[in-house]
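The structure appears below as structure tokens.
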Number of protein chains: 2
Amino acid sequence: MPSPVLIAGAAMTPFGRSRHKLMDLLAQAAAAAMEQADQKQVDALYLGVMNAEEFTGEGNLPVALADRLGLMGAAGFRVETASSTGAGVLESAFYAVASGYKQSALVVAGEKMTGLDTAAATRVLAEVIAPSERRYGASMPALAALVARAYARAHGLEEDQLRDALGAVAVKNHARGALNPLAQFQKAITLDDHAAARMVAEPLGLYDCAPITDGAAAVVLSSVQGQVRIVGVGHATDSAALTSRGSLVSFNSTRQAAVQAYAMARINPAEVDFAEIHDAFTMFEIIGSEDLGFFPPGTGWRAARDGLTGPEGSIPLNPSGGLKARGHPVGASGLAQVVEAHWLLTGQVDPSRRLPRQPQVALTQSIGGLGNNNLVTILAPASRAWQPKGAWQPLYDLPLAPAAPRRPEPPPGQTLGRVLASTILHTPPQGFPAPLGLAMVRTQAGWQTLAQAPPDRLPEAGANVLISLENGLYQAKAINPLATPWLKAKDQLDKLPTRYRLLRRRLGR
Amino acid sequence: MPSPVLIAGAAMTPFGRSRHKLMDLLAQAAAAAMEQADQKQVDALYLGVMNAEEFTGEGNLPVALADRLGLMGAAGFRVETASSTGAGVLESAFYAVASGYKQSALVVAGEKMTGLDTAAATRVLAEVIAPSERRYGASMPALAALVARAYARAHGLEEDQLRDALGAVAVKNHARGALNPLAQFQKAITLDDHAAARMVAEPLGLYDCAPITDGAAAVVLSSVQGQVRIVGVGHATDSAALTSRGSLVSFNSTRQAAVQAYAMARINPAEVDFAEIHDAFTMFEIIGSEDLGFFPPGTGWRAARDGLTGPEGSIPLNPSGGLKARGHPVGASGLAQVVEAHWLLTGQVDPSRRLPRQPQVALTQSIGGLGNNNLVTILAPASRAWQPKGAWQPLYDLPLAPAAPRRPEPPPGQTLGRVLASTILHTPPQGFPAPLGLAMVRTQAGWQTLAQAPPDRLPEAGANVLISLENGLYQAKAINPLATPWLKAKDQLDKLPTRYRLLRRRLGR
């Protein structure tokens, strides 16, 4: 039997643009968590930072922090899982305490991002993107924009319906951020503000993207004291490249992580009272609400629009304001979610921030990279009075998407395909022209690739295109469907029942 | 009761200058370990890399590796503990399996260092050094050289005795490397070669320092299958700066890690049949042999000189050739030690590499930073036939050194002190003049600092110096003891018995 893992203390710094150094932020959060736990020493120190090497030029951070806090002697680790680092470092410490070999662990996670300008920070953040997609100029917002457009097409949303649903997420999270004294953005916005904001990567505007932030969060884990218990953890990877996946509109890694966490906790999604979801982009909150089993696939956008995820809704999402409004220091966010959950579960928030019903079960979900290293953590009261109601069972069928066929080697010089989603990226990484048109293309052979496209003649989702290699990168050009009888014929064939497969195969599919 | 943690497979790439990319090296080692374990899938993937961000510009590595190996779905972590990363990532995975939540984990550790030139690589490596020491131009070899000189002074060794002992370590490890087909240096050297080699940081020459290396190692952990069991792990941090420590000639972090590992394994040092020790510098093997309790403090140099640590000796050290001859890809070394230990314990080496007696218990020790994040791992047969003979008990008294007094703020513009150790650094980091004279100075108030000094008038250990701040850095100048009656008087007082403390206190100590 593993040892129980309890949260004995939780704290975080204000999030935003800070004048403090990374080490100051980490030490501030850590000292506050240790004080809340009333502990002077711990067995281990787990530090989560995504990329201090390039953001601040620092190394050997667990030692520097242990030294600063007077915790020398504790085992010191640094853990990183891209943008889910805060959750990944918590999970690592969880196992150490659960094993029984460590009785206590201080978990600290932070990032100092504003030391670099936005273009340089965007370049560093883009290092988590698969090289095959990074070379096209794809940034995180660009890939998230492709996911949003693919979601709209898969579920039959018009562009304005999509934008309204995204706006509803942004408005809700800003409203909650306005109540949170530690949030980076403490101002409410309206749907009109959302609609009027400048575009980052269409259809995602400024209010759809989490900001660049400094901040740190800390939690003290203990096997003997604490009011809140970590009852479930789940964690799964997915293919590095978005183009390798059979589905763009759900994340296998979230679905797998959720199943693990629910199974460990022995609860089902209906028992969760609120969740902190990784809304680095508003679209990801909607997809998360489906992947976590709160709403059936394809309906998360409507739930957001209709207020089901607000504080009075059936499943309040991001009562903290989320990454969107609280801010997103990449290494810290996954742990800040847990700090928020701990505070709400133990009532340590201003009355204005309380949920209508005192929650008992909280869930946090964190996304690493472009949805390829995701974690789910479930928290519940440590008291023996709380017990799961039954065994875990899914509310909705959430199958895993198959992998897309692999690109042949060498890649063909040109081929026909269809656009799955496209975007105009207005702030591409250093070294790429702005604006930059990007399309995700499924070729007639089934494999997928990014392609650049002229922004003024961007082929829309569903368009037939010819992609051609130029300097090693595919360029997409919309083609007249009338001029491509093959594509038209295939399109018709695709709609025929499977008993016509033989015919389709003969025709070259 | 924690689950047992067994090694089901272990492999490594050849170490050296490689034409392969980091991801190729990691995948090669991982695939070989998975094949040896006869596993197609694992619950978790733990990846150890010290600084891929700056060595190769890559991020999100656990995902990239999972994708490459077809292990998507496994939880993916990256763990870093500076130069002990290979051991730190193993320990992290150890807890996951010991907790019972994960049944298997693939642990992979590697580094690609030769993509940068030596000066740039030295700069990246120097980031693990405390900023207060890095700003003086201290590199890892420079600090190791100060440790060596301090050791000689503390234990009454003449310079040639010290050099002979260091040479004995280098000759032994090169002789073993010559037998190891995966070692970077497969050539034996003589004491004369060692003596004639160019100086890196006096008294450490080329054959006293581990090289810059590419390579990767991998281990599959399982709670159900494997011939070798991890029976003990220990891990402790120490102050970031060498100047903050009360002793330069032993590492508290090794001593604490060793006590934890011996206690968990319930064995004492005499039961260890061989050890892989972190000989990034030959001096560190000698100090490690004392801190691990194999030899009494101050006698490790003699044990090395007299062959007690050779393959026929009482405790063979670094039968692989060590970091010195096998090579030192910083993120990989800690795990490569465990791979070597596994191979020797299971007899998977060429007969020429076998030890005279088939070993049963192996120990590995890994150093993070300048001896401030150290780990000890103990391995033994998984068979129930093997049991520890008794409880852990130390063979020698190995007390922890107290911290040195803190430097006052603001630091005095100038003050008197005594040199604890000094070195001439012939290949300083980018931006510093070569050669660079450095001294570790204990001030009359007791606090310690690095100081720069003219290489042609370098004050030796024991010399009285005046240190003065110039551009924020202390410069040390030897002073004539006759001109400093205070220092002379204090020197005499230091030799008086403690009952004269009152008198000493009155005189201002």
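Identifiers for the structure tokens are assigned positionally: chains receive A, B, ... in sequence, residues are indexed from 1 per chain, and ligands are indexed from 1 in the order shown.
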
| request: Dump as number ranges by chain the residues of chain A that approach chain B to within 6 Å, counting only C-alpha atoms. | output: A: 2, 59-60, 63-64, 67, 72-75, 77-82, 95-96, 98-99, 127-128, 235-240

When DSSP is applied to the backbone of this structure, which of stretch 49-296 of chain A are assigned strand (DSSP E)? Write them out as a PyMOL selection string.
chain A and resi 75-80+104-111+199-201+204-205+215-222+228-237+274-276

Of B:Gly417, B:Pro428, B:Gly246, B:Pro394, the one sitting nearest B:Gln260 when using only C-alpha atoms is B:Pro394

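Around A:His328, within 8 Å and counting only C-alpha atoms, the residues found are A:Phe15, A:Ala210, A:Pro211, A:Ile212, A:Thr213, A:Asp214, A:Ala280, once anything fewer than 6 positions away on its own chain is removed.
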
Now that the selection is made, can you save its residues with C-alpha atoms as a compact mmCIF listing (two decimals), in the first residue's frame?
```
# COMPACT_ATOMS: atom_id res chain seq x y z
CA PHE A 15 1.71 36.51 -11.08
CA ALA A 210 -2.35 33.38 -22.03
CA PRO A 211 0.22 36.10 -21.44
CA ILE A 212 3.97 35.99 -20.77
CA THR A 213 4.35 35.97 -17.00
CA ASP A 214 6.74 35.76 -14.07
CA ALA A 280 -3.12 28.63 -22.45
```

Exercise for review: Write out as JSON, numbers by chain each polymer residue whose atoms come within 9 Å of stretch 347-357 of chain A, counting only C-alpha atoms; drop sequence neighbours fewer than 3 positions from it.
Suggested key: {"A": [176, 179, 180, 273, 274, 311, 312, 316, 319, 320, 340, 342, 343, 344]}

Contacts of B:Asp291 at 7 Å or less, counting only C-alpha atoms, minus same-chain residues fewer than 6 places along, as a PyMOL selection string?
chain B and resi 250-251+254-255

Taking C-alpha atoms for each residue, export the selection above as a PDB file, in the first residue's frame.
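Just written: selection_19.pdb:
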```pdb
ATOM      1  CA  SER B 250      35.273  16.187   1.969  1.00  0.00           C
ATOM      2  CA  PHE B 251      31.765  16.512   0.569  1.00  0.00           C
ATOM      3  CA  THR B 254      28.356  12.417  -0.410  1.00  0.00           C
ATOM      4  CA  ARG B 255      28.594  11.570   3.280  1.00  0.00           C
TER       5      ARG B 255
END
```

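What separates atom CA of A:Arg407 from atom CA of A:Gln448 is a distance of 7.1 Å.
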
Report task. Write out as a PyMOL selection string each polymer residue whose atoms come within 9 Å of A:Gln452, counting only C-alpha atoms; drop sequence neighbours fewer than 4 positions from it. Result -> chain A and resi 136-137+436-440+473-476

Any chance you could list, as a tab-separated table (two decimals) with N, CA and C atoms, in the first residue's frame, the residues in stretch 90-279 of chain A that come up helix (DSSP H, G or I) when DSSP is run on the backbone?
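Okay, this is what ended up in part-v8.tsv:
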```tsv
chain	number	residue	atom	x	y	z
A	90	LEU	N	5.20	18.04	-9.36
A	90	LEU	CA	4.36	17.57	-8.25
A	90	LEU	C	4.21	16.05	-8.30
A	91	GLU	N	3.98	15.51	-9.49
A	91	GLU	CA	3.81	14.06	-9.62
A	91	GLU	C	5.09	13.33	-9.20
A	92	SER	N	6.25	13.87	-9.58
A	92	SER	CA	7.51	13.23	-9.21
A	92	SER	C	7.66	13.16	-7.69
A	93	ALA	N	7.34	14.27	-7.03
A	93	ALA	CA	7.43	14.30	-5.57
A	93	ALA	C	6.37	13.39	-4.95
A	94	PHE	N	5.21	13.34	-5.58
A	94	PHE	CA	4.12	12.46	-5.11
A	94	PHE	C	4.62	11.02	-4.97
A	95	TYR	N	5.34	10.53	-5.99
A	95	TYR	CA	5.82	9.14	-5.93
A	95	TYR	C	6.84	8.94	-4.80
A	96	ALA	N	7.69	9.96	-4.58
A	96	ALA	CA	8.70	9.82	-3.53
A	96	ALA	C	8.02	9.66	-2.17
A	97	VAL	N	6.97	10.46	-1.93
A	97	VAL	CA	6.26	10.37	-0.64
A	97	VAL	C	5.41	9.09	-0.60
A	98	ALA	N	4.76	8.78	-1.72
A	98	ALA	CA	3.91	7.58	-1.77
A	98	ALA	C	4.73	6.31	-1.53
A	118	THR	N	9.42	39.89	-26.24
A	118	THR	CA	8.39	38.93	-26.65
A	118	THR	C	8.86	38.03	-27.78
A	119	ALA	N	9.58	38.59	-28.74
A	119	ALA	CA	10.04	37.78	-29.87
A	119	ALA	C	11.01	36.69	-29.40
A	120	ALA	N	11.93	37.06	-28.52
A	120	ALA	CA	12.90	36.08	-28.02
A	120	ALA	C	12.20	35.05	-27.14
A	121	ALA	N	11.25	35.50	-26.31
A	121	ALA	CA	10.52	34.56	-25.46
A	121	ALA	C	9.71	33.59	-26.33
A	122	THR	N	9.12	34.09	-27.40
A	122	THR	CA	8.34	33.24	-28.30
A	122	THR	C	9.25	32.17	-28.93
A	123	ARG	N	10.49	32.58	-29.26
A	123	ARG	CA	11.42	31.62	-29.84
A	123	ARG	C	11.75	30.51	-28.84
A	124	VAL	N	12.01	30.90	-27.58
A	124	VAL	CA	12.33	29.91	-26.55
A	124	VAL	C	11.14	28.98	-26.34
A	125	LEU	N	9.94	29.56	-26.26
A	125	LEU	CA	8.74	28.73	-26.06
A	125	LEU	C	8.53	27.77	-27.22
A	126	ALA	N	8.92	28.23	-28.43
A	126	ALA	CA	8.69	27.40	-29.62
A	126	ALA	C	9.61	26.18	-29.65
A	131	PRO	N	10.39	19.76	-34.22
A	131	PRO	CA	11.21	20.44	-35.23
A	131	PRO	C	10.54	20.45	-36.61
A	132	SER	N	9.80	19.38	-36.94
A	132	SER	CA	9.17	19.29	-38.26
A	132	SER	C	8.11	20.37	-38.44
A	133	GLU	N	7.58	20.91	-37.35
A	133	GLU	CA	6.57	21.96	-37.45
A	133	GLU	C	7.15	23.33	-37.14
A	134	ARG	N	8.17	23.34	-36.27
A	134	ARG	CA	8.81	24.60	-35.91
A	134	ARG	C	9.43	25.25	-37.15
A	140	MET	N	3.28	28.28	-30.77
A	140	MET	CA	2.19	27.65	-30.03
A	140	MET	C	0.84	28.26	-30.42
A	141	PRO	N	0.71	29.60	-30.49
A	141	PRO	CA	-0.60	30.14	-30.90
A	141	PRO	C	-1.02	29.68	-32.29
A	142	ALA	N	-0.06	29.54	-33.20
A	142	ALA	CA	-0.41	29.11	-34.56
A	142	ALA	C	-1.00	27.70	-34.54
A	143	LEU	N	-0.37	26.80	-33.79
A	143	LEU	CA	-0.88	25.43	-33.75
A	143	LEU	C	-2.23	25.38	-33.02
A	144	ALA	N	-2.37	26.19	-31.97
A	144	ALA	CA	-3.65	26.24	-31.26
A	144	ALA	C	-4.74	26.79	-32.18
A	145	ALA	N	-4.37	27.74	-33.03
A	145	ALA	CA	-5.35	28.29	-33.98
A	145	ALA	C	-5.80	27.22	-34.97
A	146	LEU	N	-4.87	26.39	-35.41
A	146	LEU	CA	-5.23	25.29	-36.31
A	146	LEU	C	-6.19	24.31	-35.62
A	147	VAL	N	-5.91	24.06	-34.33
A	147	VAL	CA	-6.80	23.18	-33.56
A	147	VAL	C	-8.20	23.79	-33.50
A	148	ALA	N	-8.27	25.11	-33.27
A	148	ALA	CA	-9.58	25.77	-33.16
A	148	ALA	C	-10.35	25.68	-34.47
A	149	ARG	N	-9.66	25.95	-35.56
A	149	ARG	CA	-10.34	25.90	-36.88
A	149	ARG	C	-10.77	24.47	-37.21
A	150	ALA	N	-9.93	23.50	-36.84
A	150	ALA	CA	-10.29	22.10	-37.10
A	150	ALA	C	-11.50	21.70	-36.26
A	151	TYR	N	-11.56	22.21	-35.02
A	151	TYR	CA	-12.69	21.92	-34.13
A	151	TYR	C	-13.97	22.46	-34.74
A	152	ALA	N	-13.91	23.71	-35.22
A	152	ALA	CA	-15.10	24.32	-35.82
A	152	ALA	C	-15.58	23.49	-37.00
A	153	ARG	N	-14.64	23.08	-37.85
A	153	ARG	CA	-15.03	22.31	-39.03
A	153	ARG	C	-15.58	20.93	-38.64
A	154	ALA	N	-14.93	20.29	-37.66
A	154	ALA	CA	-15.37	18.94	-37.26
A	154	ALA	C	-16.77	18.96	-36.69
A	159	GLU	N	-17.62	30.42	-38.19
A	159	GLU	CA	-16.55	31.19	-37.54
A	159	GLU	C	-17.08	32.05	-36.39
A	160	ASP	N	-18.25	32.67	-36.56
A	160	ASP	CA	-18.72	33.54	-35.48
A	160	ASP	C	-19.21	32.74	-34.27
A	161	GLN	N	-19.72	31.54	-34.52
A	161	GLN	CA	-20.08	30.69	-33.38
A	161	GLN	C	-18.84	30.30	-32.59
A	162	LEU	N	-17.77	29.95	-33.33
A	162	LEU	CA	-16.50	29.60	-32.68
A	162	LEU	C	-15.98	30.78	-31.86
A	163	ARG	N	-15.96	31.96	-32.50
A	163	ARG	CA	-15.43	33.14	-31.82
A	163	ARG	C	-16.27	33.48	-30.58
A	164	ASP	N	-17.59	33.30	-30.65
A	164	ASP	CA	-18.44	33.59	-29.50
A	164	ASP	C	-18.14	32.64	-28.34
A	165	ALA	N	-17.91	31.36	-28.68
A	165	ALA	CA	-17.62	30.39	-27.63
A	165	ALA	C	-16.27	30.69	-26.98
A	166	LEU	N	-15.28	31.01	-27.81
A	166	LEU	CA	-13.96	31.37	-27.27
A	166	LEU	C	-14.08	32.63	-26.42
A	167	GLY	N	-14.87	33.57	-26.91
A	167	GLY	CA	-15.08	34.82	-26.16
A	167	GLY	C	-15.71	34.55	-24.80
A	168	ALA	N	-16.65	33.61	-24.76
A	168	ALA	CA	-17.30	33.29	-23.49
A	168	ALA	C	-16.28	32.78	-22.47
A	169	VAL	N	-15.32	31.97	-22.94
A	169	VAL	CA	-14.27	31.47	-22.04
A	169	VAL	C	-13.42	32.64	-21.53
A	170	ALA	N	-13.04	33.53	-22.45
A	170	ALA	CA	-12.19	34.66	-22.07
A	170	ALA	C	-12.91	35.57	-21.09
A	171	VAL	N	-14.17	35.87	-21.35
A	171	VAL	CA	-14.94	36.77	-20.47
A	171	VAL	C	-15.07	36.15	-19.08
A	172	LYS	N	-15.42	34.85	-19.05
A	172	LYS	CA	-15.55	34.17	-17.75
A	172	LYS	C	-14.23	34.20	-16.97
A	173	ASN	N	-13.14	33.88	-17.64
A	173	ASN	CA	-11.87	33.78	-16.91
A	173	ASN	C	-11.36	35.15	-16.49
A	174	HIS	N	-11.59	36.17	-17.30
A	174	HIS	CA	-11.22	37.51	-16.87
A	174	HIS	C	-12.09	37.98	-15.69
A	175	ALA	N	-13.35	37.59	-15.69
A	175	ALA	CA	-14.22	37.97	-14.57
A	175	ALA	C	-13.70	37.35	-13.28
A	176	ARG	N	-13.24	36.09	-13.38
A	176	ARG	CA	-12.70	35.44	-12.18
A	176	ARG	C	-11.34	36.03	-11.81
A	177	GLY	N	-10.53	36.36	-12.81
A	177	GLY	CA	-9.24	37.00	-12.54
A	177	GLY	C	-9.41	38.32	-11.81
A	191	LEU	N	-17.61	40.64	-24.20
A	191	LEU	CA	-17.52	39.93	-25.47
A	191	LEU	C	-17.05	40.88	-26.59
A	192	ASP	N	-17.49	42.15	-26.47
A	192	ASP	CA	-17.06	43.13	-27.47
A	192	ASP	C	-15.55	43.38	-27.40
A	193	ASP	N	-15.02	43.46	-26.16
A	193	ASP	CA	-13.56	43.61	-26.01
A	193	ASP	C	-12.86	42.44	-26.70
A	194	HIS	N	-13.38	41.26	-26.43
A	194	HIS	CA	-12.78	40.05	-27.02
A	194	HIS	C	-12.81	40.13	-28.54
A	195	ALA	N	-13.95	40.55	-29.06
A	195	ALA	CA	-14.10	40.58	-30.52
A	195	ALA	C	-13.21	41.63	-31.16
A	196	ALA	N	-12.97	42.71	-30.42
A	196	ALA	CA	-12.23	43.84	-31.00
A	196	ALA	C	-10.71	43.70	-30.84
A	206	LEU	N	-5.88	38.41	-28.94
A	206	LEU	CA	-5.11	38.66	-27.72
A	206	LEU	C	-5.77	38.05	-26.50
A	207	TYR	N	-7.11	38.10	-26.44
A	207	TYR	CA	-7.81	37.59	-25.26
A	207	TYR	C	-8.03	36.08	-25.31
A	208	ASP	N	-7.50	35.44	-26.35
A	208	ASP	CA	-7.58	33.98	-26.41
A	208	ASP	C	-6.28	33.31	-25.99
A	242	LEU	N	1.79	17.72	-34.14
A	242	LEU	CA	0.34	17.73	-34.33
A	242	LEU	C	-0.02	16.98	-35.61
A	243	THR	N	0.82	17.14	-36.62
A	243	THR	CA	0.55	16.50	-37.92
A	243	THR	C	0.55	14.97	-37.84
A	244	SER	N	1.15	14.39	-36.77
A	244	SER	CA	1.20	12.93	-36.67
A	244	SER	C	-0.09	12.35	-36.11
A	252	ASN	N	-5.28	12.98	-26.99
A	252	ASN	CA	-5.13	11.64	-26.41
A	252	ASN	C	-4.48	11.70	-25.04
A	253	SER	N	-3.49	12.59	-24.92
A	253	SER	CA	-2.72	12.61	-23.66
A	253	SER	C	-3.61	13.04	-22.50
A	254	THR	N	-4.54	13.97	-22.73
A	254	THR	CA	-5.47	14.32	-21.65
A	254	THR	C	-6.40	13.15	-21.35
A	255	ARG	N	-6.92	12.54	-22.40
A	255	ARG	CA	-7.87	11.44	-22.19
A	255	ARG	C	-7.24	10.30	-21.40
A	256	GLN	N	-5.99	9.95	-21.75
A	256	GLN	CA	-5.32	8.86	-21.02
A	256	GLN	C	-5.00	9.26	-19.58
A	257	ALA	N	-4.52	10.50	-19.42
A	257	ALA	CA	-4.19	10.97	-18.07
A	257	ALA	C	-5.45	11.00	-17.20
A	258	ALA	N	-6.56	11.42	-17.78
A	258	ALA	CA	-7.81	11.50	-17.01
A	258	ALA	C	-8.26	10.11	-16.56
A	259	VAL	N	-8.20	9.15	-17.46
A	259	VAL	CA	-8.62	7.78	-17.10
A	259	VAL	C	-7.77	7.26	-15.94
A	260	GLN	N	-6.44	7.48	-16.02
A	260	GLN	CA	-5.56	7.04	-14.93
A	260	GLN	C	-5.94	7.70	-13.60
A	261	ALA	N	-6.15	9.02	-13.66
A	261	ALA	CA	-6.41	9.76	-12.43
A	261	ALA	C	-7.77	9.37	-11.83
A	262	TYR	N	-8.78	9.27	-12.68
A	262	TYR	CA	-10.10	8.86	-12.18
A	262	TYR	C	-10.04	7.46	-11.58
A	263	ALA	N	-9.30	6.58	-12.26
A	263	ALA	CA	-9.23	5.20	-11.78
A	263	ALA	C	-8.52	5.13	-10.44
A	264	MET	N	-7.42	5.90	-10.29
A	264	MET	CA	-6.70	5.89	-9.01
A	264	MET	C	-7.58	6.46	-7.91
A	265	ALA	N	-8.34	7.52	-8.24
A	265	ALA	CA	-9.18	8.17	-7.23
A	265	ALA	C	-10.49	7.43	-7.01
A	269	PRO	N	-16.27	11.61	-13.49
A	269	PRO	CA	-16.23	13.06	-13.72
A	269	PRO	C	-17.37	13.81	-13.04
A	270	ALA	N	-18.52	13.18	-12.84
A	270	ALA	CA	-19.65	13.88	-12.23
A	270	ALA	C	-19.39	14.22	-10.77
A	271	GLU	N	-18.41	13.54	-10.15
A	271	GLU	CA	-18.11	13.83	-8.74
A	271	GLU	C	-17.17	15.00	-8.56
```

Excluding A:Val339 and its own-chain neighbours fewer than 5 positions away, which residues fall within 8 Å of it when counting only C-alpha atoms? Please give them as a CSV table (one decimal) with N, CA and C atoms, in the first residue's frame.
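selection05.csv, written as the output of this step:
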```csv
chain,number,residue,atom,x,y,z
A,10,ALA,N,0.5,25.4,1.0
A,10,ALA,CA,0.4,25.8,-0.4
A,10,ALA,C,0.5,27.3,-0.5
A,11,ALA,N,1.3,27.8,-1.5
A,11,ALA,CA,1.4,29.2,-1.6
A,11,ALA,C,1.9,29.6,-3.0
A,12,MET,N,1.7,30.8,-3.4
A,12,MET,CA,2.2,31.3,-4.6
A,12,MET,C,2.5,32.8,-4.6
A,217,ALA,N,5.0,29.0,-7.6
A,217,ALA,CA,4.1,28.4,-6.7
A,217,ALA,C,4.8,27.3,-5.9
A,218,ALA,N,4.3,27.0,-4.8
A,218,ALA,CA,4.9,26.0,-3.9
A,218,ALA,C,3.9,25.2,-3.1
A,219,VAL,N,4.2,23.9,-2.9
A,219,VAL,CA,3.4,23.0,-2.1
A,219,VAL,C,4.3,22.2,-1.2
```
